[in-house]
Each structure stands twice: as C-alpha cells, then as structure tokens.
file structure.cif (mmCIF, C-alpha atoms)
data_start
loop_
_atom_site.label_atom_id
_atom_site.label_comp_id
_atom_site.auth_asym_id
_atom_site.auth_seq_id
_atom_site.Cartn_x
_atom_site.Cartn_y
_atom_site.Cartn_z
CA MET A 1 12.66 -16.84 6.09
CA LYS A 2 11.05 -19.31 3.72
CA THR A 3 7.53 -20.51 4.26
CA LYS A 4 5.66 -23.49 2.87
CA VAL A 5 1.89 -23.26 3.12
CA ARG A 6 -0.28 -26.35 3.61
CA ASP A 7 -3.96 -26.77 4.43
CA VAL A 8 -4.98 -29.82 6.44
CA GLY A 9 -8.75 -29.80 6.89
CA ALA A 10 -9.67 -26.46 8.39
CA VAL A 11 -6.14 -25.76 9.60
CA ARG A 12 -3.62 -23.70 7.63
CA ILE A 13 -0.10 -24.85 8.43
CA LEU A 14 2.87 -22.58 7.81
CA ASP A 15 6.16 -24.51 7.72
CA CYS A 16 8.66 -21.78 8.52
CA GLU A 17 12.38 -22.07 7.81
CA GLY A 18 15.27 -19.75 8.65
CA LYS A 19 15.18 -16.53 10.65
CA ILE A 20 12.20 -14.57 11.93
CA THR A 21 14.08 -11.37 12.54
CA ILE A 22 13.82 -7.62 12.03
CA GLY A 23 13.33 -6.52 8.45
CA SER A 24 13.09 -9.94 6.91
CA GLY A 25 11.23 -12.87 8.44
CA ASP A 26 9.02 -10.70 10.63
CA VAL A 27 7.48 -8.97 7.59
CA GLU A 28 7.16 -12.29 5.74
CA LEU A 29 5.36 -13.87 8.68
CA ARG A 30 2.93 -10.95 8.98
CA GLN A 31 2.18 -11.16 5.26
CA GLN A 32 1.56 -14.90 5.39
CA ILE A 33 -0.81 -14.48 8.33
CA GLU A 34 -2.65 -11.61 6.59
CA ASP A 35 -2.97 -13.73 3.44
CA ALA A 36 -4.35 -16.64 5.48
CA VAL A 37 -6.85 -14.48 7.35
CA ASN A 38 -7.95 -12.73 4.13
CA ALA A 39 -8.52 -16.16 2.58
CA GLY A 40 -10.82 -17.03 5.47
CA HIS A 41 -8.42 -19.17 7.52
CA THR A 42 -8.62 -18.56 11.24
CA ASN A 43 -7.01 -21.77 12.48
CA ILE A 44 -3.28 -21.30 11.99
CA LEU A 45 -0.50 -23.68 12.99
CA LEU A 46 3.06 -22.33 12.81
CA ASN A 47 5.60 -25.10 12.39
CA LEU A 48 8.86 -23.66 13.77
CA LYS A 49 10.96 -26.82 13.43
CA ALA A 50 13.40 -25.26 10.94
CA VAL A 51 13.47 -21.75 12.45
CA THR A 52 16.98 -20.95 13.65
CA HIS A 53 16.55 -17.45 15.11
CA ILE A 54 13.68 -15.33 16.47
CA ASP A 55 14.74 -11.88 17.64
CA SER A 56 12.62 -9.45 19.64
CA SER A 57 10.96 -8.17 16.46
CA GLY A 58 10.12 -11.73 15.46
CA ILE A 59 8.66 -12.45 18.87
CA GLY A 60 6.68 -9.22 18.62
CA GLU A 61 5.36 -10.35 15.27
CA LEU A 62 4.27 -13.71 16.73
CA VAL A 63 2.35 -11.83 19.42
CA GLY A 64 0.84 -9.46 16.85
CA CYS A 65 -0.27 -12.35 14.63
CA TYR A 66 -1.74 -14.20 17.61
CA THR A 67 -3.77 -11.09 18.53
CA THR A 68 -4.89 -10.47 14.93
CA ILE A 69 -6.21 -14.01 14.59
CA ALA A 70 -7.85 -13.97 18.04
CA ARG A 71 -9.74 -10.80 17.05
CA LYS A 72 -11.11 -12.72 14.06
CA GLY A 73 -12.32 -15.43 16.42
CA GLY A 74 -9.54 -17.83 15.45
CA LYS A 75 -6.47 -19.38 17.01
CA MET A 76 -2.77 -19.50 16.23
CA LYS A 77 -0.78 -22.35 17.75
CA LEU A 78 2.87 -23.36 17.61
CA LEU A 79 4.39 -26.67 16.53
CA ASN A 80 7.88 -28.16 16.96
CA LEU A 81 9.76 -25.58 18.98
CA THR A 82 13.53 -26.01 18.85
CA PRO A 83 15.27 -25.91 22.26
CA LYS A 84 16.47 -22.34 21.61
CA ILE A 85 13.04 -21.06 20.54
CA ASN A 86 11.59 -22.84 23.56
CA ASP A 87 14.10 -21.00 25.79
CA ILE A 88 13.11 -17.67 24.24
CA LEU A 89 9.41 -18.30 24.80
CA HIS A 90 10.14 -19.22 28.43
CA VAL A 91 12.26 -16.17 29.26
CA THR A 92 9.73 -13.85 27.62
CA GLN A 93 6.97 -15.77 29.48
CA LEU A 94 5.06 -16.06 26.21
CA ILE A 95 5.06 -19.82 26.70
CA THR A 96 2.04 -19.10 28.95
CA VAL A 97 0.21 -17.48 26.02
CA PHE A 98 0.75 -19.90 23.13
CA ASP A 99 -0.54 -23.43 22.81
CA VAL A 100 2.53 -25.48 21.90
CA PHE A 101 2.67 -28.96 20.36
CA ASP A 102 5.38 -31.36 19.24
CA ASN A 103 3.00 -33.62 17.32
CA GLU A 104 1.27 -32.31 14.18
CA ALA A 105 -1.78 -34.59 14.32
CA GLU A 106 -2.36 -33.68 17.95
CA ALA A 107 -2.01 -29.99 17.13
CA ILE A 108 -4.51 -30.22 14.27
CA GLY A 109 -6.94 -32.14 16.46
CA SER A 110 -6.74 -29.47 19.16
CA PHE A 111 -8.44 -26.93 16.89
CA LYS A 112 -11.62 -29.02 16.94
CA SER A 113 -12.05 -28.79 20.71
CA MET B 1 32.50 -11.13 12.53
CA LEU B 2 31.35 -12.21 16.01
CA VAL B 3 31.11 -15.82 14.89
CA GLU B 4 34.63 -15.66 13.43
CA LEU B 5 35.98 -14.19 16.69
CA CYS B 6 34.21 -16.83 18.78
CA ASN B 7 35.36 -19.65 16.50
CA SER B 8 38.97 -18.44 16.61
CA ALA B 9 38.80 -18.51 20.42
CA ARG B 10 37.05 -21.91 20.44
CA ILE B 11 34.02 -20.48 22.24
CA GLY B 12 31.10 -22.90 22.42
CA GLU B 13 28.18 -22.80 19.99
CA GLU B 14 25.63 -21.91 22.70
CA THR B 15 27.61 -18.91 23.95
CA THR B 16 28.22 -17.74 20.39
CA TYR B 17 24.54 -18.09 19.50
CA TRP B 18 23.21 -16.09 22.47
CA ALA B 19 25.92 -13.43 22.17
CA GLY B 20 24.96 -13.10 18.51
CA MET B 21 21.33 -12.64 19.45
CA ALA B 22 22.29 -9.90 21.93
CA LEU B 23 24.49 -8.17 19.34
CA ARG B 24 21.62 -8.30 16.83
CA GLU B 25 19.34 -6.58 19.36
CA ALA B 26 21.96 -3.94 20.20
CA LEU B 27 22.45 -3.15 16.51
CA ALA B 28 18.70 -2.96 15.87
CA ASN B 29 18.33 -0.70 18.89
CA ALA B 30 21.13 1.60 17.72
CA ILE B 31 19.84 1.88 14.15
CA LYS B 32 16.14 2.15 14.94
CA HIS B 33 15.91 3.95 18.28
CA GLY B 34 19.35 5.61 18.45
CA ASN B 35 19.94 6.82 14.91
CA LYS B 36 16.20 6.86 14.10
CA LEU B 37 16.90 5.07 10.79
CA ASN B 38 18.94 8.05 9.55
CA PRO B 39 21.23 6.63 6.83
CA GLU B 40 23.68 9.50 7.37
CA LYS B 41 24.42 8.25 10.88
CA SER B 42 26.74 5.37 11.76
CA VAL B 43 26.86 2.62 14.35
CA PHE B 44 30.23 1.69 15.82
CA VAL B 45 30.89 -1.86 17.02
CA ARG B 46 33.80 -3.18 19.08
CA LEU B 47 34.25 -6.87 19.83
CA CYS B 48 37.01 -8.32 22.00
CA ILE B 49 37.85 -11.13 24.35
CA GLN B 50 39.33 -9.79 27.57
CA PRO B 51 42.11 -11.50 29.54
CA GLU B 52 39.66 -12.20 32.38
CA ASP B 53 37.92 -14.54 29.94
CA GLU B 54 34.98 -12.36 29.05
CA LEU B 55 33.52 -11.54 25.67
CA HIS B 56 32.97 -7.78 25.42
CA ILE B 57 30.70 -6.16 22.85
CA GLU B 58 30.22 -2.42 22.53
CA VAL B 59 27.68 -0.83 20.20
CA GLU B 60 27.53 2.96 19.94
CA ASP B 61 25.07 5.05 17.97
CA GLU B 62 24.98 8.70 16.92
CA GLY B 63 21.53 9.42 18.31
CA GLU B 64 20.39 11.76 21.03
CA GLY B 65 20.78 9.50 24.04
CA PHE B 66 18.53 6.93 25.59
CA ASP B 67 17.01 6.34 29.02
CA PRO B 68 17.01 2.59 29.72
CA GLY B 69 15.09 3.24 32.93
CA ALA B 70 12.08 4.25 30.84
CA ILE B 71 11.69 0.74 29.43
CA ALA B 72 8.71 -1.18 30.78
CA ASP B 73 9.05 -4.79 31.92
CA PRO B 74 7.85 -6.82 28.89
CA THR B 75 6.97 -9.80 31.11
CA SER B 76 4.48 -7.90 33.28
CA PRO B 77 0.86 -8.88 32.55
CA ASP B 78 0.08 -5.41 31.18
CA ASN B 79 2.89 -5.65 28.63
CA LEU B 80 3.02 -9.34 27.80
CA MET B 81 0.93 -8.99 24.63
CA ARG B 82 2.70 -5.90 23.33
CA SER B 83 4.32 -6.41 19.95
CA SER B 84 7.43 -4.36 20.80
CA GLY B 85 9.67 -3.42 23.72
CA ARG B 86 11.64 -6.65 24.21
CA GLY B 87 15.03 -5.69 22.72
CA VAL B 88 16.79 -4.61 25.91
CA PHE B 89 15.14 -7.48 27.79
CA TYR B 90 16.62 -9.90 25.23
CA MET B 91 20.10 -8.45 25.78
CA ARG B 92 19.77 -8.72 29.56
CA GLN B 93 18.64 -12.32 29.31
CA PHE B 94 21.40 -13.48 26.98
CA MET B 95 24.40 -11.64 28.44
CA ASP B 96 25.88 -11.55 31.94
CA GLU B 97 26.15 -7.77 32.07
CA VAL B 98 24.45 -4.99 30.10
CA LYS B 99 25.33 -1.34 30.65
CA PHE B 100 24.19 1.84 28.96
CA ALA B 101 26.53 4.80 28.87
CA ALA B 102 26.76 8.13 27.09
CA GLY B 103 28.71 7.62 23.90
CA GLY B 104 31.49 9.90 22.76
CA ARG B 105 29.44 11.06 19.78
CA GLY B 106 26.38 12.24 21.69
CA GLY B 107 24.48 8.98 21.45
CA THR B 108 24.35 5.83 23.55
CA ARG B 109 26.98 3.15 24.02
CA ILE B 110 25.69 -0.29 25.00
CA GLU B 111 28.28 -2.47 26.72
CA LEU B 112 27.57 -6.19 26.75
CA LYS B 113 29.67 -8.75 28.63
CA LYS B 114 29.52 -12.51 28.67
CA ARG B 115 31.69 -14.75 30.82
CA LEU B 116 33.22 -17.55 28.83
CA GLY B 117 33.10 -21.12 30.00
CA PRO B 118 35.30 -24.03 28.96
CA ARG B 119 36.43 -23.81 25.34
CA ARG B 120 35.68 -26.29 22.60
CA THR B 121 38.37 -28.88 22.05
CA THR B 122 37.69 -29.21 18.32
#

call {"tool": "encode", "arguments": {"input": "structure.cif", "output": "structure tokens"}}
result
Amino acid sequence: MKTKVRDVGAVRILDCEGKITIGSGDVELRQQIEDAVNAGHTNILLNLKAVTHIDSSGIGELVGCYTTIARKGGKMKLLNLTPKINDILHVTQLITVFDVFDNEAEAIGSFKS
Amino acid sequence: MLVELCNSARIGEETTYWAGMALREALANAIKHGNKLNPEKSVFVRLCIQPEDELHIEVEDEGEGFDPGAIADPTSPDNLMRSSGRGVFYMRQFMDEVKFAAGGRGGTRIELKKRLGPRRTT
C-alpha cells in the first residue's frame, strides 16, 4: 500500500492506494496512524478511493486504528469507499461503526461538530 | 494462478475477485493458524473448475488440526470491535460453500466452492 499524507486544518488525511492486506498494507496503515497520533493528530480521515483489496487483517487493522484514536479522544472516519470495500464493511457490519463520506469537504467539516 | 484459471475460463471479474479474497484468507489461515508460521511446513493448494460449473479451491496445511466450531461470530456486538477473527467469516461470505476437513498430512483441508454464473463474452 502507498499512502500520501495531507493535513487540512485540524484533520490529517491519509490517501491510501493499493492493498490493505496481511503483512503489507496492514502494518503500513498502523504505522501511519501511530505517526499521526504521536504527532498530535486525533482527527484522521482515511481516503480509500484507490484501495483495491482489504482482507480480514486489513479490516482488523481499521478497527484497531479506530479504537486507538478513540482512546486518545479523537475520531477516524472513512472517505470514498469503492463498491467492493463498501460490500465488505456491510457484510462485516462495521458500516455501523465507521462514519463514511463520499465528499471530502463534508467529511472534514464533520470533525468540527 | 487463480486469476489465470478464471481468465482462461472466462469467469467474470466479480467472481474472480471474491474467490481471490477467499483464497487469500484460506492461505493466511493455513500459514498463520495451521502451520503456526513454521517455514519448514508447506501449504498445498488445488484449484479446478468442475464439470458442474463450480470453482473448487482446496487449501491444506501441515498443522495440528483446527476446530471451526470454536470460532466466534465476528458480527456479534461483543466481537464487532475485535481486531482479529474474521478470516473464516470472510471465506463464508465470499464463497457458496466452505468445508473444513482433516487433511491427509495431519492438518486441516479447507474446501471452498463457488458456483459460476454466465461467462464473459470477451
């Protein structure tokens, strides 16, 4: 997985690309989240537009990151789910856990409320 | 290899994608939970398309066996926020049939089946 990091106001945006899968993207995602939290960012927006695969380890990592950030008093939200990632979040019922957006400005604005 | 098999049989992209996801989970399960990451142990994979128009995938490890009944439902409220335990659930969601059997080498053989719909024309 490749990740591009952007900060828009108080929100750190991670533009993820490729696979979030066992042994590769899952570790990368965890590291990026740890780096963000250690740098004081607690509002995280994961842009999954270019993510092609998320396996069960990747989904587990999303849940772990969500919990880590919540413990710090922050929030992690998801942006631009592909139809396949959307299907995965529905079957795992994690769609009920994550705030999901398909518009970046709207997603960024939601952190203020 | 799975993608090549599916392409040669003109199986649709959606079916190929989800079967690939299930195979990925079965392999991860065999290496991590079956063989316990022991590099001396192997994982055996068999892929075929049966005459009854089903894709069959078998993945066998050299571990000590596995009780699928011991797996908790990852969608129950108590487990929803767990960071692991979704591999078998993934396989069951993406394939039409998932069976666990004792493998010939002492480990577990996972048998995955997916019924094939209309083939691609291009």

call {"tool": "interface_residues", "arguments": {"input": "structure.cif", "of": "chain B", "to": "chain A", "cutoff": "9 Å", "atoms": "only C-alpha atoms", "output": "PyMOL selection string"}}
result
chain B and resi 21-22+24-25+28+74-75+80-90+93

call {"tool": "resolve_selection", "arguments": {"input": "structure.cif", "expression": "the PyMOL selection byres ((chain B and resi 5-9) around 9)", "output": "list in words"}}
result
Met1, Leu2, Val3, Glu4, Arg10, Ile11, Gly12, Glu13, Thr15, Thr16, Leu47, Cys48, Ile49, Leu55, Arg119 and Arg120 of chain B

call {"tool": "atom_distance", "arguments": {"input": "structure.cif", "atom1": "atom CA of B:Gly20", "atom2": "atom CA of B:Val43"}}
result
16.4 Å

call {"tool": "atom_distance", "arguments": {"input": "structure.cif", "atom1": "atom CA of B:Glu64", "atom2": "atom CA of B:Asn35"}}
result
7.9 Å

call {"tool": "resolve_selection", "arguments": {"input": "structure.cif", "expression": "the PyMOL selection byres ((chain A and resi 101) around 7)", "output": "ChimeraX atom specification"}}
result
/A:78-80,99-100,102-103,107

call {"tool": "residues_around", "arguments": {"input": "structure.cif", "residues": "B:Thr108", "least_positions_apart": "3", "cutoff": "10 Å", "atoms": "all atoms listed in the file", "output": "ChimeraX atom specification"}}
result
/B:30,34-35,59-67,100-105,111

call {"tool": "closest_atom_pairs", "arguments": {"input": "structure.cif", "of": "stretch 19-104 of chain A", "to": "stretch 1-8 of chain A", "cutoff": "9 Å", "atoms": "all atoms listed in the file", "output": "JSON lines"}}
result
{"residue": "A:Lys19", "atom": "CA", "partner": "A:Met1", "partner_atom": "CA", "distance": 5.2}
{"residue": "A:Ile20", "atom": "CA", "partner": "A:Met1", "partner_atom": "CA", "distance": 6.3}
{"residue": "A:Thr21", "atom": "CA", "partner": "A:Met1", "partner_atom": "CA", "distance": 8.6}
{"residue": "A:Ser24", "atom": "CA", "partner": "A:Met1", "partner_atom": "CA", "distance": 7.0}
{"residue": "A:Gly25", "atom": "CA", "partner": "A:Met1", "partner_atom": "CA", "distance": 4.8}
{"residue": "A:Asp26", "atom": "CA", "partner": "A:Met1", "partner_atom": "CA", "distance": 8.5}
{"residue": "A:Glu28", "atom": "CA", "partner": "A:Met1", "partner_atom": "CA", "distance": 7.1}
{"residue": "A:Leu29", "atom": "CA", "partner": "A:Thr3", "partner_atom": "CA", "distance": 8.3}
{"residue": "A:Gln32", "atom": "CA", "partner": "A:Thr3", "partner_atom": "CA", "distance": 8.3}
{"residue": "A:Val51", "atom": "CA", "partner": "A:Met1", "partner_atom": "CA", "distance": 8.1}

call {"tool": "write_last_selection", "arguments": {"input": "structure.cif", "atoms": "C-alpha atoms", "output": "mmCIF file, in the frame of the given file"}}
result
data_model
loop_
_atom_site.group_PDB
_atom_site.id
_atom_site.type_symbol
_atom_site.label_atom_id
_atom_site.label_comp_id
_atom_site.auth_asym_id
_atom_site.auth_seq_id
_atom_site.Cartn_x
_atom_site.Cartn_y
_atom_site.Cartn_z
ATOM 1 C CA LYS A 19 15.180 -16.530 10.650
ATOM 2 C CA ILE A 20 12.200 -14.570 11.930
ATOM 3 C CA THR A 21 14.080 -11.370 12.540
ATOM 4 C CA SER A 24 13.090 -9.940 6.910
ATOM 5 C CA GLY A 25 11.230 -12.870 8.440
ATOM 6 C CA ASP A 26 9.020 -10.700 10.630
ATOM 7 C CA GLU A 28 7.160 -12.290 5.740
ATOM 8 C CA LEU A 29 5.360 -13.870 8.680
ATOM 9 C CA GLN A 32 1.560 -14.900 5.390
ATOM 10 C CA VAL A 51 13.470 -21.750 12.450
#

call {"tool": "resolve_selection", "arguments": {"input": "structure.cif", "expression": "the PyMOL selection byres ((chain A and resi 73) around 12)", "output": "PDB file with C-alpha atoms, in the frame of the given file"}}
result
ATOM      1  CA  VAL A  37      -6.850 -14.480   7.350  1.00  0.00           C
ATOM      2  CA  GLY A  40     -10.820 -17.030   5.470  1.00  0.00           C
ATOM      3  CA  HIS A  41      -8.420 -19.170   7.520  1.00  0.00           C
ATOM      4  CA  THR A  42      -8.620 -18.560  11.240  1.00  0.00           C
ATOM      5  CA  ASN A  43      -7.010 -21.770  12.480  1.00  0.00           C
ATOM      6  CA  ILE A  44      -3.280 -21.300  11.990  1.00  0.00           C
ATOM      7  CA  TYR A  66      -1.740 -14.200  17.610  1.00  0.00           C
ATOM      8  CA  THR A  67      -3.770 -11.090  18.530  1.00  0.00           C
ATOM      9  CA  THR A  68      -4.890 -10.470  14.930  1.00  0.00           C
ATOM     10  CA  ILE A  69      -6.210 -14.010  14.590  1.00  0.00           C
ATOM     11  CA  ALA A  70      -7.850 -13.970  18.040  1.00  0.00           C
ATOM     12  CA  ARG A  71      -9.740 -10.800  17.050  1.00  0.00           C
ATOM     13  CA  LYS A  72     -11.110 -12.720  14.060  1.00  0.00           C
ATOM     14  CA  GLY A  74      -9.540 -17.830  15.450  1.00  0.00           C
ATOM     15  CA  LYS A  75      -6.470 -19.380  17.010  1.00  0.00           C
ATOM     16  CA  MET A  76      -2.770 -19.500  16.230  1.00  0.00           C
TER      17      MET A  76
END

call {"tool": "closest_residue", "arguments": {"input": "structure.cif", "among": "A:Ile85, A:Ala105, A:Asp35, A:Ile95", "to": "B:Trp18", "atoms": "all atoms listed in the file"}}
result
A:Ile85

call {"tool": "atom_distance", "arguments": {"input": "structure.cif", "atom1": "atom CA of A:Leu48", "atom2": "atom CA of B:Leu23"}}
result
22.7 Å

call {"tool": "build_atoms", "arguments": {"input": "structure.cif", "residues": "stretch 87-113 of chain B", "atoms": "N, CA and C atoms", "output": "short mmCIF file (atom, residue, chain, number, x, y, z; two decimals), in the coordinates of the input"}}
result
data_model
loop_
_atom_site.label_atom_id
_atom_site.label_comp_id
_atom_site.auth_asym_id
_atom_site.auth_seq_id
_atom_site.Cartn_x
_atom_site.Cartn_y
_atom_site.Cartn_z
N GLY B 87 13.63 -5.66 23.16
CA GLY B 87 15.03 -5.69 22.72
C GLY B 87 16.02 -5.66 23.87
N VAL B 88 15.86 -4.71 24.77
CA VAL B 88 16.79 -4.61 25.91
C VAL B 88 16.62 -5.83 26.83
N PHE B 89 15.40 -6.27 26.99
CA PHE B 89 15.14 -7.48 27.79
C PHE B 89 15.90 -8.68 27.22
N TYR B 90 15.87 -8.83 25.89
CA TYR B 90 16.62 -9.90 25.23
C TYR B 90 18.10 -9.82 25.61
N MET B 91 18.67 -8.61 25.48
CA MET B 91 20.10 -8.45 25.78
C MET B 91 20.39 -8.85 27.22
N ARG B 92 19.54 -8.42 28.14
CA ARG B 92 19.77 -8.72 29.56
C ARG B 92 19.65 -10.21 29.85
N GLN B 93 18.81 -10.89 29.10
CA GLN B 93 18.64 -12.32 29.31
C GLN B 93 19.83 -13.11 28.79
N PHE B 94 20.40 -12.67 27.68
CA PHE B 94 21.40 -13.48 26.98
C PHE B 94 22.83 -13.16 27.38
N MET B 95 23.05 -12.02 28.05
CA MET B 95 24.40 -11.64 28.44
C MET B 95 24.48 -11.58 29.96
N ASP B 96 25.71 -11.60 30.49
CA ASP B 96 25.88 -11.55 31.94
C ASP B 96 25.81 -10.12 32.46
N GLU B 97 26.16 -9.16 31.63
CA GLU B 97 26.15 -7.77 32.07
C GLU B 97 25.76 -6.88 30.89
N VAL B 98 24.87 -5.95 31.14
CA VAL B 98 24.45 -4.99 30.10
C VAL B 98 24.48 -3.60 30.72
N LYS B 99 25.25 -2.71 30.14
CA LYS B 99 25.33 -1.34 30.65
C LYS B 99 25.05 -0.35 29.53
N PHE B 100 24.43 0.75 29.91
CA PHE B 100 24.19 1.84 28.96
C PHE B 100 25.00 3.04 29.43
N ALA B 101 25.71 3.64 28.51
CA ALA B 101 26.53 4.80 28.87
C ALA B 101 26.38 5.85 27.76
N ALA B 102 26.75 7.08 28.11
CA ALA B 102 26.76 8.13 27.09
C ALA B 102 27.92 7.87 26.15
N GLY B 103 27.65 7.85 24.88
CA GLY B 103 28.71 7.62 23.90
C GLY B 103 29.49 8.89 23.62
N GLY B 104 30.65 8.74 23.04
CA GLY B 104 31.49 9.90 22.76
C GLY B 104 30.97 10.77 21.63
N ARG B 105 29.96 10.32 20.93
CA ARG B 105 29.44 11.06 19.78
C ARG B 105 28.04 11.61 20.06
N GLY B 106 27.68 11.67 21.31
CA GLY B 106 26.38 12.24 21.69
C GLY B 106 25.27 11.22 21.83
N GLY B 107 25.51 10.01 21.37
CA GLY B 107 24.48 8.98 21.45
C GLY B 107 24.67 8.06 22.65
N THR B 108 24.29 6.82 22.48
CA THR B 108 24.35 5.83 23.55
C THR B 108 25.35 4.74 23.20
N ARG B 109 26.11 4.31 24.21
CA ARG B 109 26.98 3.15 24.02
C ARG B 109 26.44 2.02 24.90
N ILE B 110 26.13 0.90 24.26
CA ILE B 110 25.69 -0.29 25.00
C ILE B 110 26.89 -1.20 25.17
N GLU B 111 27.15 -1.58 26.41
CA GLU B 111 28.28 -2.47 26.72
C GLU B 111 27.71 -3.81 27.19
N LEU B 112 28.06 -4.85 26.45
CA LEU B 112 27.57 -6.19 26.75
C LEU B 112 28.75 -7.07 27.15
N LYS B 113 28.60 -7.84 28.21
CA LYS B 113 29.67 -8.75 28.63
C LYS B 113 29.12 -10.15 28.85
#
